[in-house]
Amino acid sequence: MGTGPTKRMTMERIYLDNAATSWPKPESVYQAVDHAQRVIGAAVGRGNYKNVVEALRLVENTRGQVAQLINAASRQCISFGFNGTDTLSTAIFGLLKPGDHVVTSTVEHNSVLRPLKHLEATGVIEVTYVPCDQYGCFAIDDVVNAVKSDTRLVALIHVSNVTGSIQPIDDLKSRISKSGNLQTRFLLDAAQSLGHLAIDVQAIGCDILCAPGHKGLLGPLGTGVLYVNQDVADEIQPLRFGGTGTDGSVEFQPTETPDKFESGNLNLPGIAGLNAGIQFLNSEQGKAAHKNWRSLSQLLLDGLLSIDGITIQGKPTLQDRVGVFSISIAGIDCRDAAGILDSTWSIQTRAGLHCAPMIHRALETEQQGGTLRLSVGLFNSEEQIKTTIDAIGELARANL
Ligand SMILES: Cc1ncc(COP(=O)(O)O)c(C=O)c1O
């Protein structure tokens, strides 16, 4: 009889759910949120007193930082939302009209799939779902071949939140344009890539980019960024209408970005934290943390590969992926595995479909209730990753 899992002596939290939201944040992020709440304490654009001016300056500075990060033509291309889903809904519902055709993939997250499914089910649009291979990657040829003369939108994920695999999107826009489909807009869901991978929206011809501010950008929950190329901005109707803190005498919603998409009070504490998060990423400390994240991801990948009874989804080499790993452990349900990892070792992972049901059909992980996902963060330590490898090894051996 086995002795059962070895309980750790100290139960320090090992957080490996950074694909859901990054934690911890850099200290400067907590301080910036606190400062915005305690000291600035004003509503952006509402009034002219000095705290309002400071709030506005901070928001505009953050807009500029996001623009610079993705090489947007100007900061006017950047609007703030409340999470990735919010910015995706703004773009998808704002752009599409009756009769439009959309190309997307089976790799997508529900925040892309559900708006599209809703519009498809209500007869507004037609959707083509491009399949993925055994690594959970779609093929660029399949996407390009699916584009038709009435394709208004190609909406694709940059990095899968299930497999961590980087998708082949670099030449997409130029190939679509070359085939003559000049009205087709390219939306990139950069939820799992922004902050982790370099993104140049002009180089890849991305018309719309949506991302949370609370994952790779290290900002607080409640933040999201929407990039819309200025040539395309007029084509997207706002989702929310209301006060924008600009000219209140005008009875209609502003038509210029970012005001057009930013009705209602902005999340100043969140944006202040996002500002500090991006500053951290650009700092020497941030670059070192990023390097740490890459080497710990490699360590975890190698460790998982060395354990019998483990199946790892996605590309086998780190250069084709980020530090998000979906695994199955033979003989144990992924939800039970997540529960044991948490209760015995205080290792926090996520089990299930990860809001991306279609990819699990392709990977044949749907029947088993999905996968166990471990997502490495910038501030994990080598010791934490080694403990995790040992714990998963014990779990796997106990169930072989
Ligand atoms: C690929 C992908 N897209 C969109 C989202 C939605 O982001 P949010 O949770 O900020 O709404 C997520 C969140 O996990 C994601 O992984």
# chains A, B, ... in the order shown; residues from 1 in each chain; ligands from 1
call {"tool": "closest_atom_pairs", "arguments": {"of": "chain A", "to": "ligand 1", "cutoff": "9 Å", "atoms": "only C-alpha atoms and all ligand atoms", "output": "JSON lines"}}
result
{"residue": "A:Ala19", "atom": "CA", "partner": "ligand 1", "partner_atom_place_in_ligand_line": "14 (O)", "distance": 6.2}
{"residue": "A:Ala20", "atom": "CA", "partner": "ligand 1", "partner_atom_place_in_ligand_line": "14 (O)", "distance": 5.0}
{"residue": "A:Thr21", "atom": "CA", "partner": "ligand 1", "partner_atom_place_in_ligand_line": "14 (O)", "distance": 7.5}
{"residue": "A:Phe82", "atom": "CA", "partner": "ligand 1", "partner_atom_place_in_ligand_line": "10 (O)", "distance": 7.5}
{"residue": "A:Asn83", "atom": "CA", "partner": "ligand 1", "partner_atom_place_in_ligand_line": "10 (O)", "distance": 3.8}
{"residue": "A:Gly84", "atom": "CA", "partner": "ligand 1", "partner_atom_place_in_ligand_line": "7 (O)", "distance": 3.6}
{"residue": "A:Thr85", "atom": "CA", "partner": "ligand 1", "partner_atom_place_in_ligand_line": "11 (O)", "distance": 3.7}
{"residue": "A:Asp86", "atom": "CA", "partner": "ligand 1", "partner_atom_place_in_ligand_line": "11 (O)", "distance": 6.4}
{"residue": "A:Thr87", "atom": "CA", "partner": "ligand 1", "partner_atom_place_in_ligand_line": "11 (O)", "distance": 8.2}
{"residue": "A:Leu88", "atom": "CA", "partner": "ligand 1", "partner_atom_place_in_ligand_line": "4 (C)", "distance": 7.7}
{"residue": "A:Val107", "atom": "CA", "partner": "ligand 1", "partner_atom_place_in_ligand_line": "1 (C)", "distance": 8.7}
{"residue": "A:Glu108", "atom": "CA", "partner": "ligand 1", "partner_atom_place_in_ligand_line": "1 (C)", "distance": 6.6}
{"residue": "A:His109", "atom": "CA", "partner": "ligand 1", "partner_atom_place_in_ligand_line": "3 (N)", "distance": 5.1}
{"residue": "A:Asn110", "atom": "CA", "partner": "ligand 1", "partner_atom_place_in_ligand_line": "4 (C)", "distance": 7.3}
{"residue": "A:Ser111", "atom": "CA", "partner": "ligand 1", "partner_atom_place_in_ligand_line": "4 (C)", "distance": 5.4}
{"residue": "A:Val112", "atom": "CA", "partner": "ligand 1", "partner_atom_place_in_ligand_line": "4 (C)", "distance": 7.1}
{"residue": "A:Ile157", "atom": "CA", "partner": "ligand 1", "partner_atom_place_in_ligand_line": "1 (C)", "distance": 6.1}
{"residue": "A:His158", "atom": "CA", "partner": "ligand 1", "partner_atom_place_in_ligand_line": "1 (C)", "distance": 7.6}
{"residue": "A:Val159", "atom": "CA", "partner": "ligand 1", "partner_atom_place_in_ligand_line": "1 (C)", "distance": 6.7}
{"residue": "A:Ser160", "atom": "CA", "partner": "ligand 1", "partner_atom_place_in_ligand_line": "1 (C)", "distance": 5.8}
{"residue": "A:Asn161", "atom": "CA", "partner": "ligand 1", "partner_atom_place_in_ligand_line": "16 (O)", "distance": 4.5}
{"residue": "A:Val162", "atom": "CA", "partner": "ligand 1", "partner_atom_place_in_ligand_line": "16 (O)", "distance": 7.9}
{"residue": "A:Asp189", "atom": "CA", "partner": "ligand 1", "partner_atom_place_in_ligand_line": "3 (N)", "distance": 5.8}
{"residue": "A:Ala190", "atom": "CA", "partner": "ligand 1", "partner_atom_place_in_ligand_line": "1 (C)", "distance": 6.8}
{"residue": "A:Ala191", "atom": "CA", "partner": "ligand 1", "partner_atom_place_in_ligand_line": "2 (C)", "distance": 4.7}
{"residue": "A:Gln192", "atom": "CA", "partner": "ligand 1", "partner_atom_place_in_ligand_line": "1 (C)", "distance": 5.6}
{"residue": "A:Ser193", "atom": "CA", "partner": "ligand 1", "partner_atom_place_in_ligand_line": "1 (C)", "distance": 8.6}
{"residue": "A:Cys210", "atom": "CA", "partner": "ligand 1", "partner_atom_place_in_ligand_line": "4 (C)", "distance": 8.1}
{"residue": "A:Ala211", "atom": "CA", "partner": "ligand 1", "partner_atom_place_in_ligand_line": "7 (O)", "distance": 6.8}
{"residue": "A:Pro212", "atom": "CA", "partner": "ligand 1", "partner_atom_place_in_ligand_line": "10 (O)", "distance": 4.4}
{"residue": "A:Gly213", "atom": "CA", "partner": "ligand 1", "partner_atom_place_in_ligand_line": "10 (O)", "distance": 7.3}
{"residue": "A:His214", "atom": "CA", "partner": "ligand 1", "partner_atom_place_in_ligand_line": "10 (O)", "distance": 6.9}
{"residue": "A:Lys215", "atom": "CA", "partner": "ligand 1", "partner_atom_place_in_ligand_line": "10 (O)", "distance": 7.6}
{"residue": "A:Leu221", "atom": "CA", "partner": "ligand 1", "partner_atom_place_in_ligand_line": "10 (O)", "distance": 7.6}
{"residue": "A:Gly222", "atom": "CA", "partner": "ligand 1", "partner_atom_place_in_ligand_line": "10 (O)", "distance": 7.7}
{"residue": "A:Thr223", "atom": "CA", "partner": "ligand 1", "partner_atom_place_in_ligand_line": "10 (O)", "distance": 7.5}
{"residue": "A:Gly224", "atom": "CA", "partner": "ligand 1", "partner_atom_place_in_ligand_line": "10 (O)", "distance": 6.6}
{"residue": "A:His354", "atom": "CA", "partner": "ligand 1", "partner_atom_place_in_ligand_line": "14 (O)", "distance": 7.4}
{"residue": "A:Cys355", "atom": "CA", "partner": "ligand 1", "partner_atom_place_in_ligand_line": "14 (O)", "distance": 7.4}
{"residue": "A:Ala356", "atom": "CA", "partner": "ligand 1", "partner_atom_place_in_ligand_line": "1 (C)", "distance": 8.2}
call {"tool": "residues_around", "arguments": {"residues": "Val322 of chain A", "least_positions_apart": "5", "cutoff": "10 Å", "atoms": "only C-alpha atoms", "output": "ChimeraX atom specification"}}
result
/A:159-161,163-166,192-193,196-197,293-294,297-298,315,317,375-376
call {"tool": "write_last_selection", "arguments": {"atoms": "C-alpha atoms", "output": "PDB file, in the first residue's frame"}}
result
ATOM      1  CA  VAL A 159      -2.290  32.074 -28.462  1.00  0.00           C
ATOM      2  CA  SER A 160      -4.604  29.323 -27.270  1.00  0.00           C
ATOM      3  CA  ASN A 161      -5.597  29.590 -23.630  1.00  0.00           C
ATOM      4  CA  THR A 163      -2.732  24.572 -25.294  1.00  0.00           C
ATOM      5  CA  GLY A 164      -0.528  27.669 -25.104  1.00  0.00           C
ATOM      6  CA  SER A 165       0.302  27.168 -28.804  1.00  0.00           C
ATOM      7  CA  ILE A 166       1.070  30.243 -30.895  1.00  0.00           C
ATOM      8  CA  GLN A 192      -2.886  35.189 -23.928  1.00  0.00           C
ATOM      9  CA  SER A 193      -0.175  36.940 -25.919  1.00  0.00           C
ATOM     10  CA  HIS A 196       4.172  37.909 -23.409  1.00  0.00           C
ATOM     11  CA  LEU A 197       4.952  38.144 -27.117  1.00  0.00           C
ATOM     12  CA  TRP A 293       9.022  33.079 -16.995  1.00  0.00           C
ATOM     13  CA  ARG A 294      10.519  31.560 -20.149  1.00  0.00           C
ATOM     14  CA  SER A 297       8.100  27.349 -18.580  1.00  0.00           C
ATOM     15  CA  GLN A 298      10.876  25.247 -20.109  1.00  0.00           C
ATOM     16  CA  LYS A 315       3.262  22.170 -29.478  1.00  0.00           C
ATOM     17  CA  THR A 317       8.733  22.943 -28.077  1.00  0.00           C
ATOM     18  CA  SER A 375      -0.029  28.479 -16.426  1.00  0.00           C
ATOM     19  CA  VAL A 376       3.289  29.903 -15.306  1.00  0.00           C
TER      20      VAL A 376
END
call {"tool": "atom_distance", "arguments": {"atom1": "atom CA of Ile78 of chain A", "atom2": "atom CA of Ser22 of chain A"}}
result
21.8 Å
call {"tool": "residues_around", "arguments": {"residues": "Phe261 of chain A", "least_positions_apart": "2", "cutoff": "6 Å", "atoms": "only C-alpha atoms", "output": "PDB file with N, CA, C and O atoms, in the first residue's frame"}}
result
ATOM      1  N   PRO A 238     -20.695  51.809 -31.394  1.00  0.00           N
ATOM      2  CA  PRO A 238     -20.446  51.517 -29.968  1.00  0.00           C
ATOM      3  C   PRO A 238     -21.496  50.561 -29.395  1.00  0.00           C
ATOM      4  O   PRO A 238     -22.614  50.482 -29.908  1.00  0.00           O
ATOM      5  N   PRO A 258     -11.122  57.781 -28.767  1.00  0.00           N
ATOM      6  CA  PRO A 258     -11.653  56.664 -27.968  1.00  0.00           C
ATOM      7  C   PRO A 258     -13.013  56.946 -27.325  1.00  0.00           C
ATOM      8  O   PRO A 258     -13.649  56.012 -26.829  1.00  0.00           O
ATOM      9  N   ASP A 259     -13.484  58.231 -27.350  1.00  0.00           N
ATOM     10  CA  ASP A 259     -14.732  58.563 -26.636  1.00  0.00           C
ATOM     11  C   ASP A 259     -15.900  57.675 -27.048  1.00  0.00           C
ATOM     12  O   ASP A 259     -16.714  57.254 -26.213  1.00  0.00           O
TER      13      ASP A 259
END
call {"tool": "closest_residue", "arguments": {"among": "A:Leu374, A:Leu56, A:Val201, A:Arg13", "to": "Thr344 of chain A", "atoms": "only C-alpha atoms"}}
result
A:Arg13
call {"tool": "select_by_dssp", "arguments": {"residues": "segment 69-300 of chain A", "states": "strand (DSSP E)", "output": "JSON, numbers by chain"}}
result
{"A": [78, 79, 80, 81, 101, 102, 103, 104, 105, 126, 127, 128, 129, 130, 151, 152, 153, 154, 155, 156, 157, 185, 186, 187, 188, 189, 208, 209, 210, 211, 212, 224, 225, 226, 227, 228]}
call {"tool": "write_last_selection", "arguments": {"atoms": "C-alpha atoms", "output": "short mmCIF file (atom, residue, chain, number, x, y, z; two decimals), in the first residue's frame"}}
result
data_model
loop_
_atom_site.label_atom_id
_atom_site.label_comp_id
_atom_site.auth_asym_id
_atom_site.auth_seq_id
_atom_site.Cartn_x
_atom_site.Cartn_y
_atom_site.Cartn_z
CA ILE A 78 -6.70 52.64 -28.01
CA SER A 79 -9.90 52.49 -25.95
CA PHE A 80 -10.25 51.04 -22.49
CA GLY A 81 -12.79 48.37 -21.59
CA HIS A 101 -19.85 36.22 -43.24
CA VAL A 102 -17.26 35.57 -40.53
CA VAL A 103 -14.29 33.22 -40.45
CA THR A 104 -13.12 32.03 -37.07
CA SER A 105 -11.53 28.86 -35.68
CA GLU A 126 -22.98 33.16 -41.33
CA VAL A 127 -19.87 31.69 -39.68
CA THR A 128 -17.16 29.32 -40.90
CA TYR A 129 -15.24 27.52 -38.15
CA VAL A 130 -11.78 26.55 -39.39
CA THR A 151 -16.44 37.89 -45.48
CA ARG A 152 -16.51 40.92 -43.24
CA LEU A 153 -14.47 39.60 -40.34
CA VAL A 154 -11.74 37.09 -39.63
CA ALA A 155 -11.63 36.71 -35.85
CA LEU A 156 -8.74 34.65 -34.52
CA ILE A 157 -6.99 33.84 -31.31
CA ARG A 185 -11.32 43.03 -41.21
CA PHE A 186 -8.85 41.05 -39.10
CA LEU A 187 -9.54 40.85 -35.37
CA LEU A 188 -6.90 39.36 -33.12
CA ASP A 189 -7.78 38.04 -29.68
CA ILE A 208 -8.75 45.23 -34.32
CA LEU A 209 -6.95 43.84 -31.29
CA CYS A 210 -8.70 42.90 -28.07
CA ALA A 211 -7.00 41.95 -24.82
CA PRO A 212 -7.51 42.01 -21.07
CA GLY A 224 -9.26 45.62 -21.02
CA VAL A 225 -7.77 47.24 -24.11
CA LEU A 226 -9.29 47.65 -27.54
CA TYR A 227 -7.16 48.69 -30.50
CA VAL A 228 -8.98 49.80 -33.61
#
call {"tool": "residues_around", "arguments": {"residues": "Gln68 of chain A", "least_positions_apart": "3", "cutoff": "12 Å", "atoms": "only C-alpha atoms", "output": "ChimeraX atom specification"}}
result
/A:61-65,71-78,198-202,227,278-279,282
call {"tool": "write_last_selection", "arguments": {"atoms": "N, CA and C atoms", "output": "compact mmCIF listing (two decimals), in the first residue's frame"}}
result
# COMPACT_ATOMS: atom_id res chain seq x y z
N ASN A 61 -1.69 58.88 -20.69
CA ASN A 61 -0.35 58.29 -20.68
C ASN A 61 -0.43 56.77 -20.87
N THR A 62 -1.41 56.16 -20.21
CA THR A 62 -1.57 54.70 -20.34
C THR A 62 -1.96 54.33 -21.77
N ARG A 63 -2.85 55.13 -22.33
CA ARG A 63 -3.26 54.92 -23.73
C ARG A 63 -2.01 54.95 -24.63
N GLY A 64 -1.15 55.92 -24.37
CA GLY A 64 0.08 56.05 -25.16
C GLY A 64 0.99 54.85 -24.97
N GLN A 65 1.05 54.37 -23.74
CA GLN A 65 1.92 53.20 -23.47
C GLN A 65 1.42 51.95 -24.18
N ASN A 71 2.71 49.07 -31.30
CA ASN A 71 3.02 49.90 -32.48
C ASN A 71 1.76 50.38 -33.20
N ALA A 72 0.79 50.88 -32.44
CA ALA A 72 -0.39 51.51 -33.04
C ALA A 72 0.03 52.87 -33.58
N ALA A 73 -0.67 53.35 -34.60
CA ALA A 73 -0.29 54.62 -35.23
C ALA A 73 -0.43 55.79 -34.26
N SER A 74 -1.42 55.73 -33.39
CA SER A 74 -1.58 56.81 -32.39
C SER A 74 -2.32 56.28 -31.18
N ARG A 75 -2.28 57.05 -30.10
CA ARG A 75 -2.97 56.56 -28.89
C ARG A 75 -4.49 56.67 -29.04
N GLN A 76 -4.94 57.43 -30.02
CA GLN A 76 -6.38 57.53 -30.28
C GLN A 76 -6.97 56.19 -30.72
N CYS A 77 -6.12 55.31 -31.16
CA CYS A 77 -6.58 53.97 -31.59
C CYS A 77 -6.90 53.07 -30.40
N ILE A 78 -6.54 53.51 -29.19
CA ILE A 78 -6.70 52.64 -28.01
C ILE A 78 -7.87 53.11 -27.15
N ALA A 198 5.93 39.83 -28.55
CA ALA A 198 5.94 41.14 -29.23
C ALA A 198 4.81 41.15 -30.26
N ILE A 199 4.04 42.22 -30.27
CA ILE A 199 2.97 42.35 -31.26
C ILE A 199 3.10 43.70 -31.95
N ASP A 200 3.12 43.68 -33.28
CA ASP A 200 3.18 44.92 -34.06
C ASP A 200 1.95 44.92 -34.95
N VAL A 201 0.93 45.67 -34.55
CA VAL A 201 -0.35 45.61 -35.27
C VAL A 201 -0.22 46.08 -36.72
N GLN A 202 0.72 47.02 -36.95
CA GLN A 202 0.87 47.51 -38.33
C GLN A 202 1.56 46.46 -39.19
N TYR A 227 -7.84 47.92 -29.45
CA TYR A 227 -7.16 48.69 -30.50
C TYR A 227 -8.02 48.61 -31.75
N ILE A 278 2.52 47.98 -17.27
CA ILE A 278 3.25 48.10 -18.54
C ILE A 278 4.64 48.71 -18.29
N GLN A 279 4.66 49.68 -17.38
CA GLN A 279 5.99 50.26 -17.04
C GLN A 279 6.92 49.19 -16.50
N ASN A 282 8.34 47.04 -19.23
CA ASN A 282 9.37 47.72 -20.01
C ASN A 282 10.67 47.94 -19.24
call {"tool": "select_by_dssp", "arguments": {"residues": "segment 81-284 of chain A", "states": "helix (DSSP H, G or I)", "output": "MDAnalysis selection string"}}
result
chainID A and resid 84:95 110:121 140:146 172:178 201:204 233:235 259:261 268:282 284
call {"tool": "decode", "arguments": {"residues": "segment 89-102 of chain A", "atoms": "all heavy atoms", "output": "CSV table (one decimal), in the first residue's frame"}}
result
chain,number,residue,atom,x,y,z
A,89,SER,N,-16.7,41.9,-27.4
A,89,SER,CA,-18.1,42.1,-27.7
A,89,SER,C,-18.3,43.5,-28.4
A,89,SER,O,-19.1,43.6,-29.3
A,89,SER,CB,-18.9,42.1,-26.4
A,89,SER,OG,-19.3,40.7,-26.1
A,90,THR,N,-17.6,44.5,-27.9
A,90,THR,CA,-17.7,45.8,-28.5
A,90,THR,C,-17.3,45.7,-30.0
A,90,THR,O,-18.0,46.2,-30.9
A,90,THR,CB,-16.7,46.8,-27.8
A,90,THR,OG1,-17.1,46.9,-26.5
A,90,THR,CG2,-16.7,48.2,-28.5
A,91,ALA,N,-16.2,45.0,-30.3
A,91,ALA,CA,-15.8,44.9,-31.7
A,91,ALA,C,-16.7,44.1,-32.5
A,91,ALA,O,-17.1,44.5,-33.6
A,91,ALA,CB,-14.3,44.4,-31.7
A,92,ILE,N,-17.1,42.9,-32.0
A,92,ILE,CA,-17.8,41.9,-32.8
A,92,ILE,C,-19.3,42.5,-33.1
A,92,ILE,O,-19.7,42.5,-34.2
A,92,ILE,CB,-17.9,40.6,-32.1
A,92,ILE,CG1,-16.4,40.0,-32.2
A,92,ILE,CG2,-18.9,39.6,-32.8
A,92,ILE,CD1,-16.3,38.7,-31.3
A,93,PHE,N,-19.9,42.9,-32.0
A,93,PHE,CA,-21.3,43.4,-32.2
A,93,PHE,C,-21.3,44.7,-32.9
A,93,PHE,O,-22.3,45.1,-33.6
A,93,PHE,CB,-22.0,43.5,-30.8
A,93,PHE,CG,-22.4,42.2,-30.3
A,93,PHE,CD1,-21.8,41.6,-29.1
A,93,PHE,CD2,-23.4,41.4,-30.9
A,93,PHE,CE1,-22.1,40.4,-28.6
A,93,PHE,CE2,-23.8,40.1,-30.3
A,93,PHE,CZ,-23.1,39.7,-29.2
A,94,GLY,N,-20.2,45.5,-32.7
A,94,GLY,CA,-20.2,46.8,-33.3
A,94,GLY,C,-19.9,46.8,-34.8
A,94,GLY,O,-20.3,47.7,-35.6
A,95,LEU,N,-19.2,45.8,-35.3
A,95,LEU,CA,-18.8,45.7,-36.7
A,95,LEU,C,-19.9,45.0,-37.6
A,95,LEU,O,-20.1,45.4,-38.7
A,95,LEU,CB,-17.5,45.0,-36.8
A,95,LEU,CG,-17.0,44.8,-38.3
A,95,LEU,CD1,-16.4,46.1,-38.8
A,95,LEU,CD2,-15.9,43.8,-38.3
A,96,LEU,N,-20.4,43.8,-37.0
A,96,LEU,CA,-21.1,42.9,-37.9
A,96,LEU,C,-22.5,43.4,-38.2
A,96,LEU,O,-23.2,43.9,-37.3
A,96,LEU,CB,-21.1,41.5,-37.3
A,96,LEU,CG,-19.7,40.9,-37.3
A,96,LEU,CD1,-19.7,39.6,-36.6
A,96,LEU,CD2,-19.1,40.8,-38.7
A,97,LYS,N,-22.9,43.2,-39.5
A,97,LYS,CA,-24.3,43.6,-39.9
A,97,LYS,C,-25.0,42.4,-40.6
A,97,LYS,O,-24.3,41.4,-41.0
A,97,LYS,CB,-24.2,44.7,-40.9
A,97,LYS,CG,-23.6,46.0,-40.4
A,97,LYS,CD,-24.0,47.2,-41.2
A,97,LYS,CE,-23.6,48.5,-40.5
A,97,LYS,NZ,-22.2,48.6,-40.2
A,98,PRO,N,-26.3,42.4,-40.7
A,98,PRO,CA,-27.0,41.3,-41.3
A,98,PRO,C,-26.4,41.0,-42.7
A,98,PRO,O,-26.1,41.8,-43.5
A,98,PRO,CB,-28.4,41.9,-41.5
A,98,PRO,CG,-28.6,42.9,-40.4
A,98,PRO,CD,-27.2,43.5,-40.2
A,99,GLY,N,-26.2,39.7,-42.9
A,99,GLY,CA,-25.7,39.2,-44.2
A,99,GLY,C,-24.2,39.0,-44.2
A,99,GLY,O,-23.6,38.4,-45.2
A,100,ASP,N,-23.5,39.4,-43.1
A,100,ASP,CA,-22.0,39.3,-43.1
A,100,ASP,C,-21.6,37.8,-42.9
A,100,ASP,O,-22.3,37.1,-42.2
A,100,ASP,CB,-21.4,40.1,-42.0
A,100,ASP,CG,-21.4,41.6,-42.3
A,100,ASP,OD1,-21.6,42.0,-43.5
A,100,ASP,OD2,-21.3,42.4,-41.4
A,101,HIS,N,-20.5,37.5,-43.5
A,101,HIS,CA,-19.9,36.2,-43.2
A,101,HIS,C,-18.6,36.4,-42.4
A,101,HIS,O,-17.9,37.4,-42.5
A,101,HIS,CB,-19.5,35.6,-44.6
A,101,HIS,CG,-18.7,34.3,-44.4
A,101,HIS,ND1,-17.4,34.2,-44.9
A,101,HIS,CD2,-19.0,33.1,-43.9
A,101,HIS,CE1,-16.9,33.0,-44.6
A,101,HIS,NE2,-17.9,32.3,-44.0
A,102,VAL,N,-18.4,35.5,-41.5
A,102,VAL,CA,-17.3,35.6,-40.5
A,102,VAL,C,-16.5,34.3,-40.6
A,102,VAL,O,-17.0,33.2,-40.7
A,102,VAL,CB,-17.7,35.8,-39.1
A,102,VAL,CG1,-16.6,35.8,-38.1
A,102,VAL,CG2,-18.5,37.1,-39.0
